[in-house]
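Peer 1: What follows is data.txt, compact mmCIF, C-alpha atoms.
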```
# COMPACT_ATOMS: atom_id res chain seq x y z
CA ASP A 1 50.32 30.14 103.82
CA VAL A 2 53.21 30.24 106.25
CA GLU A 3 55.67 31.19 103.51
CA ARG A 4 53.28 33.79 102.23
CA SER A 5 52.90 35.26 105.71
CA ARG A 6 56.66 35.36 106.12
CA GLY A 7 57.03 37.11 102.76
CA LEU A 8 54.45 39.72 103.69
CA GLY A 9 56.15 40.18 107.04
CA ASP A 10 59.46 40.91 105.31
CA VAL A 11 57.78 43.42 103.01
CA TYR A 12 56.16 45.23 105.93
CA LYS A 13 59.44 45.17 107.77
CA ARG A 14 61.34 46.70 104.85
CA GLN A 15 58.61 49.33 104.43
CA ALA A 16 58.75 50.14 108.12
CA LEU A 17 62.56 50.49 108.02
CA HIS A 18 62.30 52.67 104.91
CA SER A 19 59.71 54.86 106.61
CA ILE A 20 61.98 55.22 109.64
CA GLU A 21 64.93 56.16 107.42
CA LEU A 22 62.81 58.72 105.56
CA GLU A 23 61.63 60.22 108.83
CA GLU A 24 65.19 60.46 110.14
CA LYS A 25 66.34 62.08 106.90
CA ARG A 26 63.43 64.54 107.06
CA LYS A 27 64.39 65.51 110.60
CA GLN A 28 68.04 65.93 109.59
CA ASP A 29 67.00 68.10 106.65
CA GLU A 30 64.79 70.20 108.91
CA GLU A 31 67.63 70.66 111.39
CA GLN A 32 70.00 71.65 108.61
CA ILE A 33 67.47 74.10 107.19
CA LYS A 34 66.96 75.62 110.66
CA PHE A 35 70.72 75.92 111.13
CA LEU A 36 71.27 77.53 107.73
CA SER A 37 68.30 79.82 108.31
CA SER A 38 69.80 80.89 111.66
CA VAL A 39 73.17 81.58 110.00
CA VAL A 40 71.55 83.66 107.27
CA LYS A 41 69.43 85.66 109.72
CA GLN A 42 72.33 86.38 112.08
CA SER A 43 74.91 87.12 109.39
CA SER A 44 76.42 90.60 109.45
CA ASP A 45 76.50 90.54 105.65
CA GLY A 46 73.41 91.32 103.67
CA MET A 47 71.89 88.37 101.82
CA ALA A 48 69.19 88.41 99.17
CA ILE A 49 67.65 86.06 96.61
CA ALA A 50 65.82 87.32 93.53
CA ASP A 51 64.32 85.64 90.49
CA LEU A 52 65.78 86.26 87.04
CA ASP A 53 63.52 89.31 86.64
CA GLY A 54 64.98 90.84 89.79
CA ASN A 55 61.95 90.29 92.04
CA LEU A 56 62.95 89.62 95.63
CA MET A 57 62.27 86.15 97.02
CA PHE A 58 64.25 86.56 100.25
CA VAL A 59 66.26 89.18 102.17
CA ASN A 60 67.84 88.89 105.61
CA GLN A 61 67.77 91.58 108.29
CA ALA A 62 71.34 92.70 107.59
CA TRP A 63 70.37 93.49 103.99
CA LYS A 64 67.45 95.57 105.23
CA ARG A 65 69.57 97.47 107.76
CA MET A 66 72.31 98.05 105.22
CA HIS A 67 69.82 99.73 102.89
CA GLY A 68 68.05 101.75 105.60
CA PHE A 69 64.86 99.70 105.84
CA GLU A 70 63.11 98.72 109.06
CA GLU A 71 63.33 95.07 110.01
CA ALA A 72 59.53 94.78 109.95
CA GLU A 73 59.26 96.10 106.38
CA ASN A 74 58.28 93.44 103.86
CA LEU A 75 60.45 93.60 100.76
CA ILE A 76 59.45 90.26 99.24
CA GLY A 77 58.10 90.76 95.73
CA LYS A 78 59.73 94.16 95.30
CA ASN A 79 62.26 94.60 92.51
CA MET A 80 65.98 94.78 93.19
CA SER A 81 66.04 98.10 91.35
CA ILE A 82 64.96 99.85 94.59
CA PHE A 83 68.52 99.34 95.84
CA TYR A 84 70.23 101.10 92.91
CA THR A 85 70.26 104.42 91.10
CA GLU A 86 69.60 104.38 87.37
CA GLU A 87 73.29 104.98 86.74
CA GLN A 88 74.29 102.10 89.03
CA LEU A 89 71.81 99.80 87.29
CA ARG A 90 73.11 100.69 83.86
CA ASN A 91 76.85 100.90 84.53
CA GLU A 92 77.39 98.43 87.37
CA LEU A 93 74.57 95.98 88.05
CA GLU A 94 73.69 94.95 84.50
CA PRO A 95 77.32 94.14 83.53
CA PHE A 96 77.66 92.32 86.86
CA LYS A 97 74.56 90.18 86.18
CA ARG A 98 75.83 89.29 82.71
CA ARG A 99 79.03 87.90 84.23
CA VAL A 100 77.00 85.88 86.75
CA ILE A 101 74.94 84.31 83.96
CA GLU A 102 78.06 83.60 81.89
CA LYS A 103 80.19 82.09 84.68
CA GLY A 104 77.61 80.98 87.25
CA PHE A 105 78.97 83.43 89.85
CA HIS A 106 80.83 86.72 90.14
CA THR A 107 82.48 88.86 92.80
CA GLY A 108 83.17 92.58 92.64
CA GLU A 109 82.35 96.09 93.83
CA VAL A 110 78.87 97.44 93.15
CA GLY A 111 77.37 100.73 94.28
CA HIS A 112 74.06 100.65 96.16
CA ILE A 113 71.55 103.23 97.35
CA ARG A 114 69.84 103.47 100.74
CA LYS A 115 66.19 104.22 101.33
CA ASP A 116 67.09 107.86 102.09
CA GLY A 117 68.82 108.21 98.71
CA SER A 118 72.43 108.12 99.95
CA VAL A 119 74.79 105.92 97.95
CA PHE A 120 77.44 103.55 99.33
CA PRO A 121 79.90 100.97 97.94
CA THR A 122 79.54 97.23 98.50
CA GLN A 123 81.56 94.10 97.84
CA MET A 124 79.14 91.61 96.29
CA THR A 125 79.27 87.91 95.52
CA VAL A 126 76.36 86.57 93.46
CA SER A 127 75.69 82.96 92.44
CA LEU A 128 73.28 81.62 89.86
CA LEU A 129 70.73 79.17 91.31
CA LYS A 130 69.49 76.31 89.09
CA ASP A 131 66.70 73.73 89.29
CA GLU A 132 67.15 69.94 89.15
CA ASN A 133 67.41 70.09 85.36
CA GLY A 134 70.17 72.71 85.44
CA ASN A 135 67.96 75.59 84.33
CA PRO A 136 68.68 79.00 85.94
CA ILE A 137 65.84 80.05 88.25
CA ALA A 138 67.25 82.75 90.57
CA MET A 139 70.28 84.64 91.84
CA ALA A 140 71.58 84.61 95.41
CA GLY A 141 73.71 87.54 96.52
CA VAL A 142 75.83 88.42 99.54
CA ALA A 143 76.80 92.07 100.04
CA ALA A 144 79.08 93.83 102.53
CA ASP A 145 79.14 97.60 103.05
CA ILE A 146 82.76 98.65 102.37
CA THR A 147 82.38 102.37 103.06
CA LYS A 148 84.97 102.34 105.88
CA ARG A 149 87.39 100.30 103.81
CA LYS A 150 87.13 102.76 100.90
CA GLU A 151 87.64 105.70 103.28
CA THR A 152 90.77 104.04 104.68
CA GLU A 153 92.05 103.37 101.16
CA GLN A 154 91.44 107.02 100.25
CA MET A 155 93.34 108.17 103.35
CA LEU A 156 96.27 105.94 102.42
CA ILE A 157 96.27 107.28 98.86
CA GLN A 158 96.20 110.86 100.19
CA SER A 159 99.02 110.03 102.60
CA GLU A 160 101.11 108.60 99.77
CA LYS A 161 100.43 111.71 97.68
CA MET A 162 101.57 113.97 100.53
CA ALA A 163 104.71 111.86 101.01
CA SER A 164 105.47 112.14 97.28
CA ILE A 165 104.96 115.92 97.40
CA GLY A 166 107.29 116.08 100.41
CA LEU A 167 110.01 114.18 98.55
CA LEU A 168 109.56 116.41 95.50
CA ALA A 169 109.78 119.55 97.62
CA ALA A 170 112.91 118.24 99.34
CA GLY A 171 114.48 117.53 95.94
CA ILE A 172 113.62 120.97 94.63
CA THR A 173 114.99 122.60 97.80
CA HIS A 174 118.21 120.64 97.40
CA GLU A 175 118.58 121.73 93.78
CA ILE A 176 117.92 125.33 94.72
CA ASN A 177 120.29 125.23 97.69
CA ASN A 178 123.22 123.98 95.61
CA PRO A 179 123.56 127.10 93.39
CA ILE A 180 122.64 129.34 96.31
CA GLY A 181 125.44 127.77 98.34
CA PHE A 182 127.85 128.28 95.46
CA ILE A 183 126.86 131.93 95.14
CA ASP A 184 127.07 132.47 98.90
CA SER A 185 130.53 130.91 99.06
CA ASN A 186 131.80 133.11 96.24
CA LEU A 187 130.25 136.21 97.79
CA ASN A 188 132.21 135.53 100.97
CA THR A 189 135.39 135.21 98.89
CA MET A 190 134.56 138.46 97.09
CA ASP A 191 134.03 140.19 100.43
CA GLY A 192 137.58 139.22 101.35
CA TYR A 193 138.93 140.58 98.08
CA ILE A 194 137.02 143.83 98.50
CA GLU A 195 138.34 144.27 102.04
CA LYS A 196 141.87 143.88 100.70
CA ILE A 197 141.53 145.99 97.54
CA ASN A 198 139.70 149.01 99.00
CA PRO A 199 142.71 150.33 101.00
CA TYR A 200 144.93 149.63 97.99
CA LEU A 201 142.64 151.63 95.70
CA ARG A 202 142.55 154.51 98.18
CA GLU A 203 146.35 154.74 98.29
CA VAL A 204 146.58 154.42 94.48
CA ARG A 205 144.09 157.27 94.16
CA GLY A 206 146.18 159.35 96.59
CA LEU A 207 149.31 158.56 94.57
CA VAL A 208 147.57 159.60 91.34
CA GLU A 209 146.37 162.84 92.88
CA THR A 210 149.88 163.56 94.16
CA THR A 211 151.33 162.89 90.70
CA ALA A 212 148.75 165.09 89.03
CA GLY A 213 149.76 167.92 91.40
CA GLY A 214 153.33 167.71 90.19
CA LYS A 215 154.74 166.47 93.48
CA ALA A 216 156.20 163.34 91.90
CA ALA A 217 157.74 164.02 88.52
CA VAL A 218 159.77 160.88 88.09
CA SER A 219 157.75 158.04 86.57
CA GLY A 220 160.14 155.43 87.97
CA ASP A 221 159.21 156.51 91.48
CA ILE A 222 155.51 156.02 90.66
CA VAL A 223 156.12 152.49 89.40
CA ASN A 224 158.09 151.63 92.48
CA GLU A 225 155.31 153.01 94.69
CA LEU A 226 152.70 150.84 92.90
CA LYS A 227 154.82 147.70 93.29
CA SER A 228 155.26 148.49 96.94
CA LEU A 229 151.51 148.81 97.36
CA GLU A 230 150.88 145.49 95.59
CA GLU A 231 153.24 143.70 97.92
CA LYS A 232 151.74 145.45 100.94
CA TYR A 233 148.17 144.34 100.11
CA LYS A 234 149.11 141.09 98.33
CA ILE A 235 147.32 142.08 95.15
CA GLY A 236 147.66 139.71 92.15
```
Would you mind writing the structure in this file as structure tokens?
Peer 2:
Amino acid sequence: DVERSRGLGDVYKRQALHSIELEEKRKQDEEQIKFLSSVVKQSSDGMAIADLDGNLMFVNQAWKRMHGFEEAENLIGKNMSIFYTEEQLRNELEPFKRRVIEKGFHTGEVGHIRKDGSVFPTQMTVSLLKDENGNPIAMAGVAADITKRKETEQMLIQSEKMASIGLLAAGITHEINNPIGFIDSNLNTMDGYIEKINPYLREVRGLVETTAGGKAAVSGDIVNELKSLEEKYKIG
């Protein structure tokens, strides 16, 4: 009887210790769940969980605000399609979901729509949730509104375009200025020639008129006069 009592005492003791361990584990799990729940609720990124048919099982407040819904609005049970236009569903979300199912997760840009109908870009990461047997049961997604980032990217692209146009314009101006400079330089040279030749031509004309009037009958004198004029004006 003593041995039996001792054996029962050991069993009760082990059971009691096991119960204490289970209780401690339960408390730890509850604390962890509370902590994770607090993180999810306070996150600046939108978080949502939907079953494989797209019906919402959970959304945090950031997700609601991002899509223009009041915090008090209950979205549980509604379909994810309320956050997308038909075009976004067809061209963006469906291909995105296929990659999630194939790989178990996927990250990329997906367009969304707010309650008021305005569209905006997001960066989404979605993971496939599975049960204990490894069967897919839901999808968990995290989304960040990247409107400002896209606007900044567009400004940078526009800035780069303007810089490229500026370089092109500078190149064209340079190419235009080269022949213009050549022409201008030669025009200045021609001006010098004209300044020199005009007096020469006037005196030649006077000599011709004098010859035509019979005042200079000797051709040798005319030739000598022309040579004298050439030397005087440095023609040739």
Peer 1: Which residues come within 12 Å of range 149-157 of chain A, counting all atoms listed in the file, excluding same-chain residues fewer than 2 positions away, as number ranges by chain?
Peer 2: A: 109, 111, 120-123, 144-147, 159-164
Peer 1: For a test of reading the model, state the distance in Å between CA of Val59 in chain A and CA of Ser118 in chain A, rounded to one decimal.
Peer 2: 20.0 Å
Peer 1: CA of Ile137 in chain A and CA of Pro95 in chain A, how far apart in Å?
Peer 2: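 Distance reported for this atom pair: 18.8 Å.
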Peer 1: At a cut-off of 12 Å around the point (75.3, 75.7, 83.1) (file coordinates), what residues fall inside when counting all atoms listed in the file? I'd like the answer as a PyMOL selection string.
Peer 2: chain A and resi 100-105+127-137
Peer 1: Need the axis-aligned box for range 96-108 of chain A with 8 Å each side, so what are the centre and edges in Å to one decimal, as JSON?
Peer 2:
```
{"center_x": 78.9, "center_y": 86.8, "center_z": 87.3, "size_x": 24.6, "size_y": 27.6, "size_z": 26.9}
```
Peer 1: Can you measure CA of Gly54 in chain A to CA of Arg114 in chain A for me? One decimal in Å is fine.
Peer 2: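 Value for the CA of Gly54 in chain A-CA of Arg114 in chain A distance: 17.4 Å.
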Peer 1: Within 12 Å of (73.7, 97.8, 88.3) in the file's own coordinates, which protein, DNA or RNA residues have an atom, counting only C-alpha atoms? List them as a VMD selection string.
Peer 2: chain A and resid 54 80 to 99 108 to 113 121 to 122 124
Peer 1: Can you patch up range 128-140 of chain A, filling it in to N, CA, C and O atoms, and show the result as a CSV table (one decimal), in the coordinates of the input?
Peer 2:
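Saved as selection-v7.csv:
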```csv
chain,number,residue,atom,x,y,z
A,128,LEU,N,74.5,82.0,90.6
A,128,LEU,CA,73.3,81.6,89.9
A,128,LEU,C,72.7,80.3,90.4
A,128,LEU,O,73.4,79.3,90.6
A,129,LEU,N,71.4,80.4,90.8
A,129,LEU,CA,70.7,79.2,91.3
A,129,LEU,C,70.0,78.4,90.2
A,129,LEU,O,69.4,79.1,89.3
A,130,LYS,N,70.1,77.1,90.2
A,130,LYS,CA,69.5,76.3,89.1
A,130,LYS,C,68.6,75.2,89.7
A,130,LYS,O,68.7,74.8,90.8
A,131,ASP,N,67.6,74.8,88.9
A,131,ASP,CA,66.7,73.7,89.3
A,131,ASP,C,67.4,72.4,89.1
A,131,ASP,O,68.5,72.3,88.7
A,132,GLU,N,66.6,71.3,89.3
A,132,GLU,CA,67.2,69.9,89.2
A,132,GLU,C,67.6,69.6,87.7
A,132,GLU,O,68.5,68.8,87.5
A,133,ASN,N,67.0,70.3,86.8
A,133,ASN,CA,67.4,70.1,85.4
A,133,ASN,C,68.5,71.0,84.9
A,133,ASN,O,68.9,71.0,83.7
A,134,GLY,N,69.1,71.8,85.8
A,134,GLY,CA,70.2,72.7,85.4
A,134,GLY,C,69.7,74.0,84.8
A,134,GLY,O,70.6,74.7,84.3
A,135,ASN,N,68.5,74.3,84.9
A,135,ASN,CA,68.0,75.6,84.3
A,135,ASN,C,68.1,76.7,85.4
A,135,ASN,O,67.6,76.5,86.5
A,136,PRO,N,68.6,77.9,85.0
A,136,PRO,CA,68.7,79.0,85.9
A,136,PRO,C,67.3,79.4,86.4
A,136,PRO,O,66.4,79.6,85.6
A,137,ILE,N,67.1,79.6,87.7
A,137,ILE,CA,65.8,80.0,88.2
A,137,ILE,C,65.9,81.3,89.1
A,137,ILE,O,64.9,82.0,89.3
A,138,ALA,N,67.1,81.6,89.7
A,138,ALA,CA,67.2,82.8,90.6
A,138,ALA,C,68.7,83.1,90.8
A,138,ALA,O,69.6,82.4,90.3
A,139,MET,N,68.9,84.2,91.5
A,139,MET,CA,70.3,84.6,91.8
A,139,MET,C,70.3,84.9,93.3
A,139,MET,O,69.4,85.6,93.9
A,140,ALA,N,71.4,84.4,94.0
A,140,ALA,CA,71.6,84.6,95.4
A,140,ALA,C,72.8,85.5,95.6
A,140,ALA,O,73.9,85.2,95.1
```
